[in-house]
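Visitor: Provided herewith is a single structure, encoded as structure tokens, for subsequent inquiry.
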Amino acid sequence: MDYALTLLSTTGINIILALSMYAVMSTGQLSLAQGAMFGIGAYAAAWCTTVAGLPLWFALPVGSAIAALVGAALGAVLLRLKHFYFAIATLAFGELVRVFFLNFEWTVETSSGPIGPRGQLGFQKIYYLAEHGWTVAQFTGLVWAILAGLFAIFALLDVSRMGSAFKMVRDDEVVAAAVGLNTTAIKVTAFSLGSAVAALGGGLYAHFATFLLPGYFGFARSFEALIYVAIGGIDTFLGAIVGAAFLTLIPESARIVQDYRMIVFGLLLILVVLFRPRGVIDRGTLRWLRQLFRSRHAPDLARL
Amino acid sequence: MLQISHVSKYFGGLAALRELDLTVHPGEIIALIGPNGAGKTTLFNIVTGFTAASTGTIRFLDVEIAELPAHRISHLGIARTFQNIRLSPTMTVFENVWVGQHARAGTGLPSLWRQWSASERERRERIDTILALVGVADARDSVATSLPLSMQRRVEIARALATEPSLLLLDEPMAGTTPTDAAELCAVIRAVHGRGPKSLVLIEHSMDVVMELADRIVVLDFGQKIAEGTPAEIQRNPAVIEAYLGAEVETC
Amino acid sequence: MSFLLQQILNGAMYGCTYALVGIGFNLVFGVMNMINLAYGEVIMAGAFIALALVVFLDTPLLLAGLAAAAACAVIGMIVEWTCLRPIRGAHYMAPLLTTIGASIILLEIFIKIFSTEEWLFPTAFEFSQIKVAGLTVRVPYLIILGVSLTLMIALHFWITRTQNGRAVRAMAENVDAARLMGINVDALTSLTFALACALGAIAGVLIAISSSIVSTTLGSEMLLKGFVVIVLGGLGSIPGAALGGVLLGIVEGVTVAYLPSLYRDFFSFGLLMIMLMARPTGLMGKRIAERA
């Protein structure tokens with residue numbers, strides 16, 4: 001039972017990571033910094049609960065807020081770049097963050113030894129959950145409660161003017177500007193949102209895993225975020241959810257896939273782009289889903 | 001309303017526009033004609049903020065706009081359509097036109113919950129009115145890029161209208177249309193002029209459309225204005241006849 | 001003062017490897033407008049292949065280097081053939097995605113074989129140095145300088161004087177016109193890709209012999225350095241890439257001399273950001289093809 005719950009938690013956290021990538025890709029940008037933002041959220045939230053002794057419900061938003069600010073600042077500078085340059089610049093940022101945490105030490109002495117980020121040794125002993133009597137079930141519940149909230153937000157976003165503006169920037173930036181949209185501001189907003197969501201996932205991960213190593217938040221993690229969305233479907237937040245769920249659960253069932261997970265993912269990515277470029281849930285599938293929805297509900301609601 | 005003074009545009013050594021002066025008065029329909037490469041679309045790009053002029057000033061409603069970015073110029077009330085139709089392939093006709101209102105309605109966080117407010121409902125009704133005016137109301141929920149070209153053109157015009165412009169720039173609206181489509185599109189443009197933007201500037205190659213719609217015609221060649229006047233005057237102008245032969249004839 | 005000069009000299013020579021990386025990058029991206037995010041891992045592969053040959057098969061360095069270059073040329077062609085050719089004309093994100101996929105596959109394969117540890121690259125001359133005008137020049141750096149210069153001159157010759165080279169420039173200007181003129185675009189694309197990857201492999205080997213350490217993190221490091229170089233030097237400009245590479249080398253050399261090595265990457269990144277904000281077209285400006 002514990003195993004299933006743990007798996008559910010992992011899946012939930014991966015879905016959050018995927019959603020963060022979707023947020024950025026919904027304006028047509030490819031970011032390889034999601035792993036770094038995940039890491040910033042992880043370290044920040046862990047620091048809040050261990051060193052600062054703050055409760056979890058405070059630590060998570062703090063982590064997100066920090067990442068959102070970093071994302072906004074970074075985005076403001078980088079988002080004038082064209083897609084390829086932007087992707088590499090975010091990769092550079094990701095590397096920078098990894099190197100930063102590899103060298104960052106800020107510990108506080110406690111009765112059980114030093115607590116805090118310790119460079120290469122990482123951030124150990126994030127025991128908040130255990131110390132406060134959380135069960136695995138309760139944590140899984142928390143993850144999925146947060147996911148439900150995110151689902152609502154992304155669904156609302158999808159049908160709102162904000163989401164529509166995101167899509168217009170993605171589909172044709174020239175037109176977006178011609179109809180009065182500040183494309184840079186929109187891209188920065190999306191990037192900031194994506195950073196905040198990634199950090200949320202990171203904060204949850206930190207308490208789940210109880211220790212962090214800088215190497216967890218590098219290129220491989222950003223690549224994971226990317227592949228969840230690329231395979232699930234780039235055009236809708238549902239794609240991120242389906243992709244992350246599918247790609248987390250399948251390796252669990254096939255040992256051989258587990259060991260060569262990344263190679264399989266890489267191959268899958270290439271194959272998907274070659275044969276189903278927009279992912280599993282592409283525009284056609286989306287339209288079909290809409291028709292399905294439309295035929296059963298009032299036309300008003302069907303505007304979703 | 002729009003005053004273009006001494007505008008030049010150089011791409012490297014090539015002069016796309018040379019000391020161009022042009023004024024658009026409220027309520028006019030102006031046609032911009034000239035051979036391909038005369039600088040017409042470049043002028044549109046400069047006025048709407050997608051290209052920077054090398055020299056000159058542009059005043060719109062007494063505001064200097066030559067240095068402004070495209071989205072700010074759109075806010076001031078200039079809208080345009082594109083030579084190659086640019087619609088979003090992921091959105092329906094309604095959604096494509098809905099985008100036109102975003103800048104005025106706001107796309108911040110509040111837009112997530114304001115969707116069900118009365119003002120939003122009113123805005124959506126306005127879109128339906130525009131769709132009816134332009135004649136695409138029936139295709140409202142179809143994917144915009146699945147429509148025939150002339151219908152897509154109308155959707156583009158509708159989107160431009162949704163931004164509530166006082167000046168509308170149309171880049172070759174008749175391009176690739178059959179004679180019947182062109183006639184219908186002409187009627188749409190007249191209807192649009194009657195109810196919406198006070199002024200229109202049209203880039204067109206079809207001389208019949210131009211003669212029919214325009215109050216004033218401006219002729220460009222090699223980036224310079226070689227003639228300006230009423231349709232009747234232009235028809236008789238020898239410089240125009242010499243520089244610009246081979247006009248396509250489409251009924252309107 | 002001579003310490004600073006020493007650092008600048010070292011940096012400039014080491015920067016030649018960055019120049020090679022940038023040139024290879026430019027060949028593919030600047031000239032052919034094709035994205036290859038797997039380029040960094042190809043460089044890493046080149047370094048490791050040479051390492052394996054030298055350490056396990058006692059191959060002489062020169063031969064190992066050539067073999068690595070040949071192997072990476074093949075890898076490059078495979079990547080081009082599977083990840084880029086089928087999606088020509090697809091939306092802009094497609095090549096980004098496929099080449100990222102290729103890079104992850106390459107990275108994982110080499111991690112499986114060599115783990116994430118640092119490997120020592122043994123060379124006979126790694127500690128030899130000579131004295132020139134009062135400054136010390138390490139022999140590995142001399143080799144870097146020599147090989148890089150030779151390659152750059154050869155490349156310049158190829159692009160300006162040979163038929164293939166000129167055909168590639170024609171393709172850079174206008175692919176369709178080139179095709180109509182009878183240029184075999186597909187074959188030339190593969191050739192250029194192979195060439196760029198071979199260059200990268202050689203850069204990887206040069207880096208390996210000068211720092212004596214090879215690890216699987218080399219790939220992403222080189223991808224980023226290559227990026228900084230083309231931003232510094234300007235997209236599409238091969239002499240710009242050469243200049244950018246040397247400049248980056250100098251900046252790094254000076255930084256490392258006076259500050260803890262941690263700051264080296266921060267400075268590179270900072271330089272990148274400044275260039276992107278101040279002069280996105282690079283030092284040599286944006287050019288699509290190299291002038292004759």
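Residues are named by chain letter and number: chains run A, B, ... in the order of the structure tokens, numbers start at 1 in each chain, and ligands are numbered from 1 in the order shown.
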Mind listing the strand (DSSP E) residues of stretch 18-135 of chain A, per DSSP on the backbone, as an mmCIF file with C-alpha atoms, in the first residue's frame?
Guide:
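Saved to states.cif:
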```
data_model
loop_
_atom_site.group_PDB
_atom_site.id
_atom_site.type_symbol
_atom_site.label_atom_id
_atom_site.label_comp_id
_atom_site.auth_asym_id
_atom_site.auth_seq_id
_atom_site.Cartn_x
_atom_site.Cartn_y
_atom_site.Cartn_z
ATOM 1 C CA VAL A 108 22.970 26.118 11.270
ATOM 2 C CA GLU A 109 24.244 24.019 14.125
ATOM 3 C CA THR A 110 21.633 21.913 15.845
ATOM 4 C CA GLY A 113 24.537 18.251 13.626
ATOM 5 C CA PRO A 114 24.607 20.935 10.931
ATOM 6 C CA ILE A 115 21.389 21.525 9.030
#
```
Visitor: Check every residue of chain A for an atom within 7 Å of chain C, counting only C-alpha atoms, and provide those that qualify as a list in words.
Guide: Ala92, Leu96, Met262, Ile263, Gly266, Leu267, Leu269, Ile270, Val273 and Leu274 of chain A
Visitor: Would you mind exporting the chosen residues as a short mmCIF file (atom, residue, chain, number, x, y, z; two decimals), in the first residue's frame, restricted to N, CA and C atoms?
Guide:
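part_5.cif written:
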```cif
data_model
loop_
_atom_site.label_atom_id
_atom_site.label_comp_id
_atom_site.auth_asym_id
_atom_site.auth_seq_id
_atom_site.Cartn_x
_atom_site.Cartn_y
_atom_site.Cartn_z
N ALA A 92 21.92 27.47 -19.88
CA ALA A 92 23.05 28.08 -19.18
C ALA A 92 22.66 28.44 -17.76
N LEU A 96 24.18 27.12 -14.21
CA LEU A 96 24.63 28.08 -13.21
C LEU A 96 24.04 27.77 -11.84
N MET A 262 16.33 6.92 -19.37
CA MET A 262 16.60 8.14 -20.13
C MET A 262 16.81 7.85 -21.61
N ILE A 263 17.44 6.72 -21.89
CA ILE A 263 17.67 6.38 -23.30
C ILE A 263 16.33 6.12 -23.97
N GLY A 266 14.66 9.39 -24.54
CA GLY A 266 15.24 10.11 -25.68
C GLY A 266 14.71 9.55 -27.00
N LEU A 267 14.70 8.23 -27.09
CA LEU A 267 14.20 7.60 -28.31
C LEU A 267 12.73 7.94 -28.53
N LEU A 269 11.13 10.48 -27.51
CA LEU A 269 10.97 11.88 -27.91
C LEU A 269 11.19 12.04 -29.40
N ILE A 270 12.28 11.44 -29.89
CA ILE A 270 12.57 11.56 -31.32
C ILE A 270 11.43 10.95 -32.13
N VAL A 273 8.28 13.15 -32.10
CA VAL A 273 8.40 14.34 -32.94
C VAL A 273 8.34 13.97 -34.42
N LEU A 274 8.88 12.81 -34.76
CA LEU A 274 8.84 12.40 -36.16
C LEU A 274 7.45 11.99 -36.61
#
```
Visitor: Could you give me the residues within stretch 36-186 of chain C that DSSP places in alpha helix (DSSP H), as a PyMOL selection string?
Guide: chain C and resi 39-57+61-79+93-114+139-161+163-173+175-180+185-186
Visitor: Residues of stretch 171-221 of chain A that approach stretch 122-133 of chain A to 12 Å or less, counting only C-alpha atoms: could you list each one with the shortest pair of atoms and its distance in Å to one decimal, rows by chain and increasing residue number, as CSV?
Guide:
```
residue,atom,partner,partner_atom,distance
A:Gly203,CA,A:Ile126,CA,10.8
A:Leu204,CA,A:Leu129,CA,10.5
A:Tyr205,CA,A:Ile126,CA,10.5
A:Ala206,CA,A:Ile126,CA,7.1
A:His207,CA,A:Ile126,CA,6.0
A:Phe208,CA,A:Leu129,CA,7.9
A:Ala209,CA,A:Ile126,CA,8.0
A:Thr210,CA,A:Ile126,CA,4.4
A:Phe211,CA,A:Gln124,CA,4.4
A:Leu212,CA,A:Phe123,CA,4.9
A:Leu213,CA,A:Gly122,CA,4.3
A:Pro214,CA,A:Gly122,CA,6.1
A:Gly215,CA,A:Gly122,CA,8.9
A:Tyr216,CA,A:Gly122,CA,9.9
A:Phe217,CA,A:Gly122,CA,11.4
```
Visitor: Include N, CA and C atoms and write out the residues we just selected as a PDB file, in the first residue's frame.
Guide:
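Produced file again.pdb, reproduced below:
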```
ATOM      1  N   GLY A 203       9.432  22.022  -3.845  1.00  0.00           N
ATOM      2  CA  GLY A 203       9.226  22.061  -2.402  1.00  0.00           C
ATOM      3  C   GLY A 203       8.628  20.752  -1.889  1.00  0.00           C
ATOM      4  N   LEU A 204       7.653  20.250  -2.622  1.00  0.00           N
ATOM      5  CA  LEU A 204       7.043  18.971  -2.250  1.00  0.00           C
ATOM      6  C   LEU A 204       8.074  17.854  -2.334  1.00  0.00           C
ATOM      7  N   TYR A 205       8.850  17.873  -3.409  1.00  0.00           N
ATOM      8  CA  TYR A 205       9.860  16.844  -3.596  1.00  0.00           C
ATOM      9  C   TYR A 205      10.862  16.822  -2.443  1.00  0.00           C
ATOM     10  N   ALA A 206      11.276  18.021  -2.023  1.00  0.00           N
ATOM     11  CA  ALA A 206      12.282  18.107  -0.963  1.00  0.00           C
ATOM     12  C   ALA A 206      11.821  17.372   0.293  1.00  0.00           C
ATOM     13  N   HIS A 207      10.566  17.572   0.659  1.00  0.00           N
ATOM     14  CA  HIS A 207      10.066  16.944   1.883  1.00  0.00           C
ATOM     15  C   HIS A 207       9.772  15.483   1.698  1.00  0.00           C
ATOM     16  N   PHE A 208       9.495  15.106   0.494  1.00  0.00           N
ATOM     17  CA  PHE A 208       9.221  13.719   0.161  1.00  0.00           C
ATOM     18  C   PHE A 208      10.509  12.912   0.184  1.00  0.00           C
ATOM     19  N   ALA A 209      11.562  13.462  -0.424  1.00  0.00           N
ATOM     20  CA  ALA A 209      12.810  12.719  -0.560  1.00  0.00           C
ATOM     21  C   ALA A 209      13.700  12.833   0.671  1.00  0.00           C
ATOM     22  N   THR A 210      13.483  13.838   1.479  1.00  0.00           N
ATOM     23  CA  THR A 210      14.218  14.183   2.711  1.00  0.00           C
ATOM     24  C   THR A 210      15.667  14.592   2.510  1.00  0.00           C
ATOM     25  N   PHE A 211      16.200  14.462   1.302  1.00  0.00           N
ATOM     26  CA  PHE A 211      17.509  15.055   1.078  1.00  0.00           C
ATOM     27  C   PHE A 211      17.662  15.457  -0.391  1.00  0.00           C
ATOM     28  N   LEU A 212      18.469  16.469  -0.619  1.00  0.00           N
ATOM     29  CA  LEU A 212      18.639  17.020  -1.964  1.00  0.00           C
ATOM     30  C   LEU A 212      20.107  17.025  -2.363  1.00  0.00           C
ATOM     31  N   LEU A 213      20.363  16.704  -3.604  1.00  0.00           N
ATOM     32  CA  LEU A 213      21.719  16.847  -4.148  1.00  0.00           C
ATOM     33  C   LEU A 213      21.661  17.778  -5.358  1.00  0.00           C
ATOM     34  N   PRO A 214      22.635  18.663  -5.503  1.00  0.00           N
ATOM     35  CA  PRO A 214      22.572  19.631  -6.602  1.00  0.00           C
ATOM     36  C   PRO A 214      22.392  18.981  -7.970  1.00  0.00           C
ATOM     37  N   GLY A 215      22.957  17.791  -8.130  1.00  0.00           N
ATOM     38  CA  GLY A 215      22.888  17.120  -9.423  1.00  0.00           C
ATOM     39  C   GLY A 215      21.483  16.737  -9.849  1.00  0.00           C
ATOM     40  N   TYR A 216      20.527  16.710  -8.892  1.00  0.00           N
ATOM     41  CA  TYR A 216      19.157  16.332  -9.231  1.00  0.00           C
ATOM     42  C   TYR A 216      18.452  17.384 -10.067  1.00  0.00           C
ATOM     43  N   PHE A 217      18.997  18.610 -10.061  1.00  0.00           N
ATOM     44  CA  PHE A 217      18.205  19.698 -10.623  1.00  0.00           C
ATOM     45  C   PHE A 217      18.813  20.282 -11.886  1.00  0.00           C
TER      46      PHE A 217
END
```
Visitor: Looking at only C-alpha atoms, which of B:His75, B:Arg154, B:Lys225, B:His102 is the one that sits closest to B:Leu87?
Guide: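 Nearest to B:Leu87: B:Arg154.
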Visitor: Counting only C-alpha atoms, collect the residues of chain B whose closest atom lies at most 6 Å from chain A, and write them out as an NGL selection string.
Guide: :B and (70-71 or 74-75 or 88 or 100 or 103 or 107 or 111-112)
Visitor: Would you mind listing what lies within 8 Å of A:Val272 as a ChimeraX atom specification, with only C-alpha atoms counted and same-chain residues fewer than 5 positions away left out?
Guide: /A:230-231,277-279
Visitor: Write the residues of the selection above to a file with N, CA and C atoms, as a CSV table (one decimal), in the first residue's frame.
Guide:
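Listing of out14.csv after writing:
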```csv
chain,number,residue,atom,x,y,z
A,230,ALA,N,6.2,17.1,-24.3
A,230,ALA,CA,6.4,16.8,-25.7
A,230,ALA,C,5.6,15.6,-26.1
A,231,ILE,N,5.6,14.6,-25.2
A,231,ILE,CA,5.0,13.3,-25.6
A,231,ILE,C,3.5,13.4,-25.3
A,277,PRO,N,4.0,14.9,-34.1
A,277,PRO,CA,4.8,16.0,-33.7
A,277,PRO,C,4.3,16.8,-32.5
A,278,ARG,N,2.9,16.9,-32.4
A,278,ARG,CA,2.4,17.7,-31.3
A,278,ARG,C,2.1,16.9,-30.1
A,279,GLY,N,2.5,15.6,-30.1
A,279,GLY,CA,2.2,14.8,-28.9
A,279,GLY,C,1.0,13.9,-29.0
```
